[in-house]
file protein-v8.tsv (TSV, C-alpha atoms)
chain	number	residue	atom	x	y	z
A	236	MET	CA	124.14	-9.10	-39.18
A	237	THR	CA	122.71	-8.99	-42.65
A	238	GLY	CA	119.48	-7.43	-43.81
A	239	SER	CA	117.81	-4.44	-42.21
A	240	GLY	CA	115.86	-4.51	-38.96
A	241	ASN	CA	114.59	-7.98	-38.21
A	242	GLU	CA	115.35	-9.38	-41.67
A	243	VAL	CA	118.16	-11.88	-42.18
A	244	SER	CA	119.18	-13.02	-45.65
A	245	VAL	CA	121.80	-15.13	-47.38
A	246	ARG	CA	122.38	-16.44	-50.90
A	247	LEU	CA	123.61	-19.90	-51.85
A	248	HIS	CA	125.46	-20.64	-55.09
A	249	HIS	CA	125.93	-24.12	-56.43
A	250	SER	CA	129.53	-25.00	-57.27
A	251	GLU	CA	129.72	-28.73	-58.09
A	252	ALA	CA	128.15	-32.06	-57.06
A	253	LEU	CA	126.25	-31.22	-53.85
A	254	LYS	CA	128.59	-28.36	-52.88
A	255	PHE	CA	127.15	-24.90	-52.27
A	256	ASN	CA	128.64	-21.63	-50.99
A	257	ALA	CA	126.46	-19.58	-48.66
A	258	ASP	CA	127.37	-15.89	-49.01
A	259	PHE	CA	126.25	-13.10	-46.71
A	260	SER	CA	126.16	-9.58	-48.13
A	261	ASP	CA	129.10	-8.50	-45.95
A	262	GLY	CA	131.40	-11.16	-47.39
A	263	ARG	CA	131.12	-13.88	-44.76
A	264	ARG	CA	130.85	-17.35	-46.29
A	265	ILE	CA	130.03	-20.90	-45.21
A	266	ASP	CA	130.68	-23.90	-47.44
A	267	LEU	CA	128.04	-26.62	-47.60
A	268	ASP	CA	128.49	-30.18	-48.75
A	269	SER	CA	127.24	-33.69	-48.16
A	270	SER	CA	129.94	-36.19	-49.02
A	271	LYS	CA	132.65	-38.35	-47.52
A	272	GLU	CA	135.28	-35.65	-47.97
A	273	MET	CA	133.84	-32.62	-46.22
A	274	GLY	CA	136.99	-30.49	-46.17
A	275	ARG	CA	135.97	-27.25	-44.46
A	276	ALA	CA	132.30	-27.66	-45.38
A	277	PHE	CA	129.27	-28.56	-43.26
A	278	THR	CA	126.06	-30.43	-43.90
A	279	PRO	CA	122.78	-28.53	-43.44
A	280	MET	CA	121.82	-30.78	-40.52
A	281	GLU	CA	125.17	-30.11	-38.81
A	282	LEU	CA	124.57	-26.37	-39.18
A	283	PHE	CA	121.11	-26.75	-37.73
A	284	LEU	CA	122.55	-28.36	-34.57
A	285	VAL	CA	125.13	-25.57	-34.26
A	286	ALA	CA	122.35	-23.00	-34.66
A	287	LEU	CA	120.25	-24.61	-31.94
A	288	ALA	CA	123.14	-25.08	-29.50
A	289	GLY	CA	124.45	-21.58	-30.23
A	290	CYS	CA	121.09	-20.01	-29.60
A	291	THR	CA	120.55	-21.53	-26.18
A	292	SER	CA	124.23	-21.17	-25.19
A	293	MET	CA	124.10	-17.41	-25.78
A	294	ASP	CA	120.84	-17.15	-23.83
A	295	VAL	CA	122.30	-19.01	-20.85
A	296	GLN	CA	125.51	-16.97	-20.87
A	297	TRP	CA	123.52	-13.75	-21.06
A	298	ILE	CA	121.16	-14.72	-18.24
A	299	MET	CA	124.01	-15.94	-16.01
A	300	ASP	CA	125.67	-12.55	-16.50
A	301	ARG	CA	122.40	-10.81	-15.57
A	302	GLN	CA	122.22	-12.99	-12.44
A	303	ARG	CA	125.81	-11.90	-11.58
A	304	GLN	CA	126.89	-15.53	-11.67
A	305	LYS	CA	130.51	-15.76	-12.76
A	306	VAL	CA	130.94	-18.75	-15.08
A	307	GLU	CA	134.59	-19.73	-15.58
A	308	VAL	CA	134.12	-22.62	-18.00
A	309	PHE	CA	131.01	-23.12	-20.09
A	310	SER	CA	130.52	-25.74	-22.78
A	311	VAL	CA	127.46	-27.24	-24.42
A	312	ALA	CA	127.36	-30.65	-26.09
A	313	ILE	CA	124.51	-31.34	-28.47
A	314	LYS	CA	123.64	-34.49	-30.34
A	315	GLY	CA	120.72	-35.39	-32.54
A	316	ASN	CA	119.39	-38.67	-33.90
A	317	ARG	CA	117.95	-38.59	-37.40
A	318	ARG	CA	115.00	-40.60	-38.62
A	319	GLU	CA	115.70	-43.52	-40.94
A	320	GLU	CA	113.01	-42.43	-43.44
A	321	ASP	CA	112.57	-39.22	-45.42
A	322	PRO	CA	112.44	-36.53	-44.28
A	323	LYS	CA	115.43	-37.53	-42.10
A	324	TYR	CA	114.98	-34.85	-39.46
A	325	TYR	CA	116.03	-35.18	-35.83
A	326	GLU	CA	113.57	-37.28	-33.90
A	327	ASN	CA	115.27	-36.39	-30.67
A	328	ILE	CA	118.01	-34.04	-29.60
A	329	GLU	CA	119.97	-33.97	-26.37
A	330	ILE	CA	121.55	-30.78	-25.06
A	331	HIS	CA	124.03	-31.05	-22.20
A	332	TYR	CA	125.29	-27.82	-20.59
A	333	THR	CA	128.41	-27.90	-18.41
A	334	LEU	CA	129.19	-24.89	-16.21
A	335	VAL	CA	132.11	-24.46	-13.84
A	336	GLY	CA	132.68	-21.57	-11.44
A	337	ALA	CA	134.02	-20.78	-7.98
A	338	ASP	CA	130.62	-19.79	-6.64
A	339	LEU	CA	127.88	-21.05	-8.95
A	340	ARG	CA	124.38	-21.52	-7.64
A	341	ARG	CA	122.63	-24.51	-9.13
A	342	ASP	CA	119.23	-22.79	-9.01
A	343	ALA	CA	120.63	-19.87	-11.02
A	344	VAL	CA	121.99	-22.30	-13.64
A	345	GLU	CA	118.69	-24.11	-13.88
A	346	ARG	CA	116.78	-20.84	-14.09
A	347	ALA	CA	119.00	-19.63	-16.97
A	348	ILE	CA	118.52	-22.87	-18.90
A	349	ARG	CA	114.79	-22.91	-18.28
A	350	LEU	CA	114.35	-19.30	-19.41
A	351	SER	CA	116.21	-20.08	-22.62
A	352	ILE	CA	114.18	-23.20	-23.32
A	353	ASP	CA	110.80	-21.74	-22.40
A	354	LYS	CA	111.11	-18.12	-23.45
A	355	TYR	CA	114.14	-16.94	-25.41
A	356	CYS	CA	115.65	-19.54	-27.73
A	357	SER	CA	114.42	-18.65	-31.23
A	358	VAL	CA	115.74	-21.76	-32.96
A	359	LEU	CA	114.18	-24.07	-30.38
A	360	ALA	CA	110.87	-22.20	-30.62
A	361	MET	CA	110.61	-23.18	-34.29
A	362	VAL	CA	111.11	-26.93	-33.72
A	363	LYS	CA	109.41	-27.48	-30.36
A	364	GLU	CA	106.33	-29.02	-31.91
A	365	SER	CA	108.21	-31.61	-33.95
A	366	VAL	CA	111.39	-32.57	-32.06
A	367	LYS	CA	111.77	-34.15	-28.64
A	368	VAL	CA	114.51	-32.28	-26.77
A	369	ASN	CA	116.14	-33.69	-23.64
A	370	ILE	CA	118.07	-31.35	-21.40
A	371	ARG	CA	120.84	-32.21	-18.96
A	372	TYR	CA	123.24	-29.96	-17.14
A	373	SER	CA	126.34	-30.40	-15.03
A	374	VAL	CA	127.50	-27.88	-12.47
A	375	LYS	CA	130.81	-27.73	-10.65
A	376	THR	CA	131.08	-25.07	-8.00
A	377	GLY	CA	134.24	-24.44	-6.02
A	378	MET	CA	135.86	-27.59	-4.66
A	379	GLU	CA	132.72	-29.71	-4.88
A	380	PRO	CA	132.57	-32.56	-7.37
A	381	MET	CA	130.71	-32.06	-10.65
A	382	GLN	CA	127.01	-32.84	-10.27
A	383	GLU	CA	124.77	-33.78	-13.18
A	384	TYR	CA	121.04	-33.06	-13.41
A	385	THR	CA	118.21	-33.70	-15.81
A	386	LEU	CA	115.88	-30.82	-16.56
A	387	SER	CA	112.38	-32.17	-16.27
A	388	PRO	CA	109.63	-30.80	-18.50
A	389	SER	CA	107.87	-29.47	-15.39
A	390	LEU	CA	109.14	-26.80	-13.02
A	391	SER	CA	111.46	-29.04	-11.05
A	392	SER	CA	114.55	-31.11	-11.80
A	393	ILE	CA	115.97	-34.22	-10.22
A	394	PRO	CA	119.63	-35.18	-9.79
A	395	ASN	CA	120.76	-38.13	-11.91
A	396	PRO	CA	121.49	-41.26	-9.83
B	195	MET	CA	129.92	-36.33	-40.96
B	196	THR	CA	130.26	-36.69	-37.22
B	197	GLY	CA	128.77	-39.31	-34.95
B	198	SER	CA	127.96	-42.84	-35.92
B	199	GLY	CA	125.00	-43.91	-38.02
B	200	ASN	CA	122.24	-41.36	-37.85
B	201	GLU	CA	123.71	-39.45	-34.94
B	202	VAL	CA	125.20	-35.98	-35.39
B	203	SER	CA	127.00	-34.19	-32.59
B	204	VAL	CA	128.98	-31.05	-31.91
B	205	ARG	CA	130.37	-29.27	-28.84
B	206	LEU	CA	130.36	-25.54	-28.17
B	207	HIS	CA	132.90	-23.80	-25.95
B	208	HIS	CA	132.41	-20.33	-24.60
B	209	SER	CA	135.32	-17.97	-25.26
B	210	GLU	CA	134.28	-14.43	-24.25
B	211	ALA	CA	131.20	-12.16	-24.20
B	212	LEU	CA	128.68	-14.02	-26.39
B	213	LYS	CA	131.34	-15.75	-28.51
B	214	PHE	CA	131.35	-19.52	-28.80
B	215	ASN	CA	133.35	-21.99	-30.88
B	216	ALA	CA	131.48	-24.97	-32.28
B	217	ASP	CA	133.86	-27.89	-32.69
B	218	PHE	CA	133.15	-31.11	-34.56
B	219	SER	CA	135.11	-34.19	-33.58
B	220	ASP	CA	137.02	-34.17	-36.89
B	221	GLY	CA	138.39	-30.68	-36.29
B	222	ARG	CA	135.95	-28.58	-38.29
B	223	ARG	CA	134.94	-25.40	-36.46
B	224	ILE	CA	132.37	-22.62	-36.76
B	225	ASP	CA	132.59	-19.42	-34.74
B	226	LEU	CA	129.41	-18.03	-33.24
B	227	ASP	CA	128.78	-14.51	-32.04
B	228	SER	CA	126.08	-11.91	-31.71
B	229	SER	CA	127.58	-8.44	-31.83
B	230	LYS	CA	128.25	-5.50	-34.12
B	231	GLU	CA	131.69	-6.82	-35.05
B	232	MET	CA	131.06	-10.32	-36.32
B	233	GLY	CA	134.47	-10.97	-37.88
B	234	ARG	CA	134.25	-14.49	-39.31
B	235	ALA	CA	131.49	-15.55	-36.91
B	236	PHE	CA	127.79	-16.18	-37.48
B	237	THR	CA	124.67	-15.74	-35.39
B	238	PRO	CA	122.61	-18.84	-34.62
B	239	MET	CA	119.69	-17.49	-36.65
B	240	GLU	CA	121.97	-16.88	-39.65
B	241	LEU	CA	123.17	-20.48	-39.42
B	242	PHE	CA	119.60	-21.70	-39.25
B	243	LEU	CA	118.79	-19.95	-42.55
B	244	VAL	CA	121.90	-21.44	-44.17
B	245	ALA	CA	120.87	-24.88	-42.91
B	246	LEU	CA	117.38	-24.54	-44.33
B	247	ALA	CA	118.51	-23.16	-47.69
B	248	GLY	CA	121.31	-25.72	-47.92
B	249	CYS	CA	118.97	-28.59	-47.22
B	250	THR	CA	116.48	-27.75	-49.94
B	251	SER	CA	119.20	-26.68	-52.41
B	252	MET	CA	120.88	-30.07	-52.18
B	253	ASP	CA	117.54	-31.83	-52.61
B	254	VAL	CA	116.71	-29.83	-55.73
B	255	GLN	CA	120.16	-30.35	-57.25
B	256	TRP	CA	119.96	-34.08	-56.55
B	257	ILE	CA	116.46	-34.43	-58.01
B	258	MET	CA	117.35	-32.38	-61.10
B	259	ASP	CA	120.29	-34.72	-61.68
B	260	ARG	CA	117.97	-37.70	-61.31
B	261	GLN	CA	115.62	-36.12	-63.87
B	262	ARG	CA	118.61	-35.71	-66.25
B	263	GLN	CA	118.03	-31.97	-66.27
B	264	LYS	CA	121.33	-30.15	-66.77
B	265	VAL	CA	121.42	-27.06	-64.57
B	266	GLU	CA	124.17	-24.61	-65.56
B	267	VAL	CA	123.62	-21.96	-62.89
B	268	PHE	CA	121.77	-22.60	-59.66
B	269	SER	CA	121.41	-20.16	-56.78
B	270	VAL	CA	119.02	-19.91	-53.88
B	271	ALA	CA	118.21	-16.69	-52.01
B	272	ILE	CA	116.61	-17.01	-48.60
B	273	LYS	CA	115.39	-14.34	-46.23
B	274	GLY	CA	113.57	-14.52	-42.94
B	275	ASN	CA	111.73	-11.96	-40.86
B	276	ARG	CA	112.05	-12.30	-37.10
B	277	ARG	CA	109.35	-11.58	-34.55
B	278	GLU	CA	109.70	-8.41	-32.48
B	279	GLU	CA	108.99	-10.28	-29.22
B	280	ASP	CA	110.79	-13.17	-27.54
B	281	PRO	CA	111.32	-15.78	-28.77
B	282	LYS	CA	112.41	-13.85	-31.88
B	283	TYR	CA	112.04	-16.70	-34.33
B	284	TYR	CA	111.24	-16.32	-38.03
B	285	GLU	CA	107.57	-15.61	-38.54
B	286	ASN	CA	107.98	-16.03	-42.26
B	287	ILE	CA	110.71	-17.15	-44.60
B	288	GLU	CA	110.99	-16.69	-48.35
B	289	ILE	CA	113.02	-19.07	-50.48
B	290	HIS	CA	113.73	-18.08	-54.09
B	291	TYR	CA	115.40	-20.63	-56.37
B	292	THR	CA	117.00	-19.50	-59.65
B	293	LEU	CA	117.94	-22.10	-62.24
B	294	VAL	CA	119.50	-21.52	-65.66
B	295	GLY	CA	120.15	-24.13	-68.32
B	296	ALA	CA	120.11	-24.62	-72.07
B	297	ASP	CA	117.23	-27.04	-71.98
B	298	LEU	CA	115.44	-26.81	-68.61
B	299	ARG	CA	111.85	-27.95	-68.30
B	300	ARG	CA	109.82	-25.83	-65.93
B	301	ASP	CA	107.74	-28.78	-64.79
B	302	ALA	CA	110.92	-30.66	-63.83
B	303	VAL	CA	112.10	-27.66	-61.80
B	304	GLU	CA	108.79	-27.35	-60.03
B	305	ARG	CA	108.68	-31.07	-59.35
B	306	ALA	CA	112.16	-30.99	-57.79
B	307	ILE	CA	111.25	-28.06	-55.54
B	308	ARG	CA	107.96	-29.62	-54.52
B	309	LEU	CA	109.56	-32.96	-53.67
B	310	SER	CA	112.09	-31.19	-51.47
B	311	ILE	CA	109.43	-29.11	-49.70
B	312	ASP	CA	106.92	-31.92	-49.26
B	313	LYS	CA	109.11	-34.98	-48.78
B	314	TYR	CA	112.86	-34.62	-48.39
B	315	CYS	CA	113.98	-31.42	-46.68
B	316	SER	CA	114.82	-32.41	-43.10
B	317	VAL	CA	115.31	-28.88	-41.78
B	318	LEU	CA	112.03	-27.67	-43.24
B	319	ALA	CA	110.21	-30.70	-41.82
B	320	MET	CA	111.13	-29.58	-38.31
B	321	VAL	CA	109.76	-26.03	-38.66
B	322	LYS	CA	106.76	-26.55	-40.94
B	323	GLU	CA	104.28	-26.27	-38.09
B	324	SER	CA	105.60	-22.96	-36.80
B	325	VAL	CA	106.98	-20.96	-39.74
B	326	LYS	CA	105.20	-19.70	-42.85
B	327	VAL	CA	107.41	-20.44	-45.86
B	328	ASN	CA	106.85	-18.78	-49.23
B	329	ILE	CA	108.44	-20.32	-52.28
B	330	ARG	CA	109.32	-18.64	-55.58
B	331	TYR	CA	111.42	-19.88	-58.43
B	332	SER	CA	112.88	-18.38	-61.59
B	333	VAL	CA	113.78	-20.45	-64.63
B	334	LYS	CA	115.77	-19.39	-67.67
B	335	THR	CA	115.98	-21.94	-70.43
B	336	GLY	CA	117.97	-21.40	-73.60
B	337	MET	CA	117.44	-18.01	-75.21
B	338	GLU	CA	114.11	-17.35	-73.49
B	339	PRO	CA	113.86	-14.59	-70.91
B	340	MET	CA	113.93	-15.50	-67.21
B	341	GLN	CA	110.45	-16.35	-65.93
B	342	GLU	CA	109.45	-16.13	-62.29
B	343	TYR	CA	106.82	-18.30	-60.59
B	344	THR	CA	105.27	-18.65	-57.17
B	345	LEU	CA	104.86	-22.14	-55.81
B	346	SER	CA	101.37	-22.39	-54.46
B	347	PRO	CA	100.64	-24.53	-51.41
B	348	SER	CA	98.46	-26.77	-53.59
B	349	LEU	CA	99.57	-28.89	-56.53
B	350	SER	CA	99.69	-26.08	-59.08
B	351	SER	CA	101.68	-22.88	-59.53
B	352	ILE	CA	100.92	-19.63	-61.23
B	353	PRO	CA	103.31	-17.29	-63.08
B	354	ASN	CA	103.91	-13.95	-61.37
B	355	PRO	CA	102.40	-11.00	-63.29
call {"tool": "encode", "arguments": {"input": "protein-v8.tsv", "output": "structure tokens"}}
result
Amino acid sequence: MTGSGNEVSVRLHHSEALKFNADFSDGRRIDLDSSKEMGRAFTPMELFLVALAGCTSMDVQWIMDRQRQKVEVFSVAIKGNRREEDPKYYENIEIHYTLVGADLRRDAVERAIRLSIDKYCSVLAMVKESVKVNIRYSVKTGMEPMQEYTLSPSLSSIPNP
Amino acid sequence: MTGSGNEVSVRLHHSEALKFNADFSDGRRIDLDSSKEMGRAFTPMELFLVALAGCTSMDVQWIMDRQRQKVEVFSVAIKGNRREEDPKYYENIEIHYTLVGADLRRDAVERAIRLSIDKYCSVLAMVKESVKVNIRYSVKTGMEPMQEYTLSPSLSSIPNP
């Protein structure tokens, strides 16, 4: 963490073309770029998606732990579609959580995702008004086949056909 | 860039505790974490700030180039203050641009920043409704001392005292 208390800060330095280095005070660095040859750099919009997915992933992991649900494999795929016109922000974003465990309860998974979306995810909270976010999740428990669900905006969810 | 056309995508895999790896399809990776010992990882809210600062920095650099303004040193400091309660998003964010050049015009700098803020910055466009963003910029041209300005929400700006 950088900054004191609830403050977070970082400084960007221009290097060349559209390349920037983002330096945190403790020495951590991310390279930014927007070109054909990205090397080890990321675009700002890529970093935004990682921030959003990371935020809700940590929430869900944390809540599953609190619910004493043992998750053996957990991955989250996120994709966003940008507008054609400036500003080219994401018009819609899809987040797809996949959780595998010997004894997972689907209601516990859905509860964890819903708490993140509705209450905890800080990055999502900032974009809720402007971006349409679709949520899906897949659960595999024990020997049963993987089942996929769509999280409805209301308080229920329906299995995908 | 990942994904085709205007689509961007990334997949996160849980490793341990609250650690996740974010993997792009071309092999680029960012490590995410939220702990005392961050190593080379970043928190989601840190990545969000880098995304926002990176987005507007690239805009400003690009517009300054278009205006044939030669910027010799360009850095952008960004800091955000998080709410105390969940969701702990940034209540306010300050962005401070610093540009140095032999022959910089202040009006060209301000125009570049304003175009980014009002028209181009995709990350900012998504959070405008929910986050208060304060903008300052410092310009040093030739032998003159560095001057700092605050960008007002309207179409003018006033020098700081």
call {"tool": "residues_around", "arguments": {"input": "protein-v8.tsv", "residues": "A:Lys323", "least_positions_apart": "4", "cutoff": "6 Å", "atoms": "only C-alpha atoms", "output": "VMD selection string"}}
result
(chain A and resid 317 to 318) or (chain B and resid 316)
call {"tool": "write_last_selection", "arguments": {"input": "protein-v8.tsv", "atoms": "C-alpha atoms", "output": "compact mmCIF listing (two decimals), in the frame of the given file"}}
result
# COMPACT_ATOMS: atom_id res chain seq x y z
CA ARG A 317 117.95 -38.59 -37.40
CA ARG A 318 115.00 -40.60 -38.62
CA SER B 316 114.82 -32.41 -43.10
call {"tool": "closest_residue", "arguments": {"input": "protein-v8.tsv", "among": "A:Asp294, A:Glu326, A:Glu272, A:Asp321", "to": "chain B", "atoms": "all atoms listed in the file"}}
result
A:Asp321
call {"tool": "interface_residues", "arguments": {"input": "protein-v8.tsv", "of": "chain B", "to": "chain A", "cutoff": "7 Å", "atoms": "all atoms listed in the file", "output": "NGL selection string"}}
result
:B and (200-208 or 212 or 216 or 222 or 226 or 234 or 238-242 or 244-246 or 248-249 or 252 or 268-276 or 280-283 or 313-317 or 319-321 or 324-325)
call {"tool": "atom_distance", "arguments": {"input": "protein-v8.tsv", "atom1": "atom CA of A:Leu339", "atom2": "atom CA of A:Ile370"}}
result
18.9 Å
call {"tool": "atom_distance", "arguments": {"input": "protein-v8.tsv", "atom1": "atom CA of A:Leu350", "atom2": "atom CA of A:Glu379"}}
result
25.6 Å
call {"tool": "axis_aligned_box", "arguments": {"input": "protein-v8.tsv", "around": "stretch 221-232 of chain B", "padding_each_side": "4 Å", "output": "JSON"}}
result
{"center_x": 132.2, "center_y": -18.1, "center_z": -35.0, "size_x": 20.3, "size_y": 33.2, "size_z": 14.6}
call {"tool": "closest_residue", "arguments": {"input": "protein-v8.tsv", "among": "B:Lys264, B:Leu293, B:Val303, B:Ser219", "to": "B:Ser332", "atoms": "all atoms listed in the file"}}
result
B:Leu293
call {"tool": "atom_distance", "arguments": {"input": "protein-v8.tsv", "atom1": "atom CA of B:Gly295", "atom2": "atom CA of B:Ser346"}}
result
23.4 Å
call {"tool": "closest_residue", "arguments": {"input": "protein-v8.tsv", "among": "A:Ile298, A:Ile348, A:Arg303, A:Arg340", "to": "A:Tyr372", "atoms": "all atoms listed in the file"}}
result
A:Ile348
call {"tool": "closest_residue", "arguments": {"input": "protein-v8.tsv", "among": "B:Lys326, B:Arg260, B:Arg308, B:Arg300", "to": "B:Met340", "atoms": "all atoms listed in the file"}}
result
B:Arg300
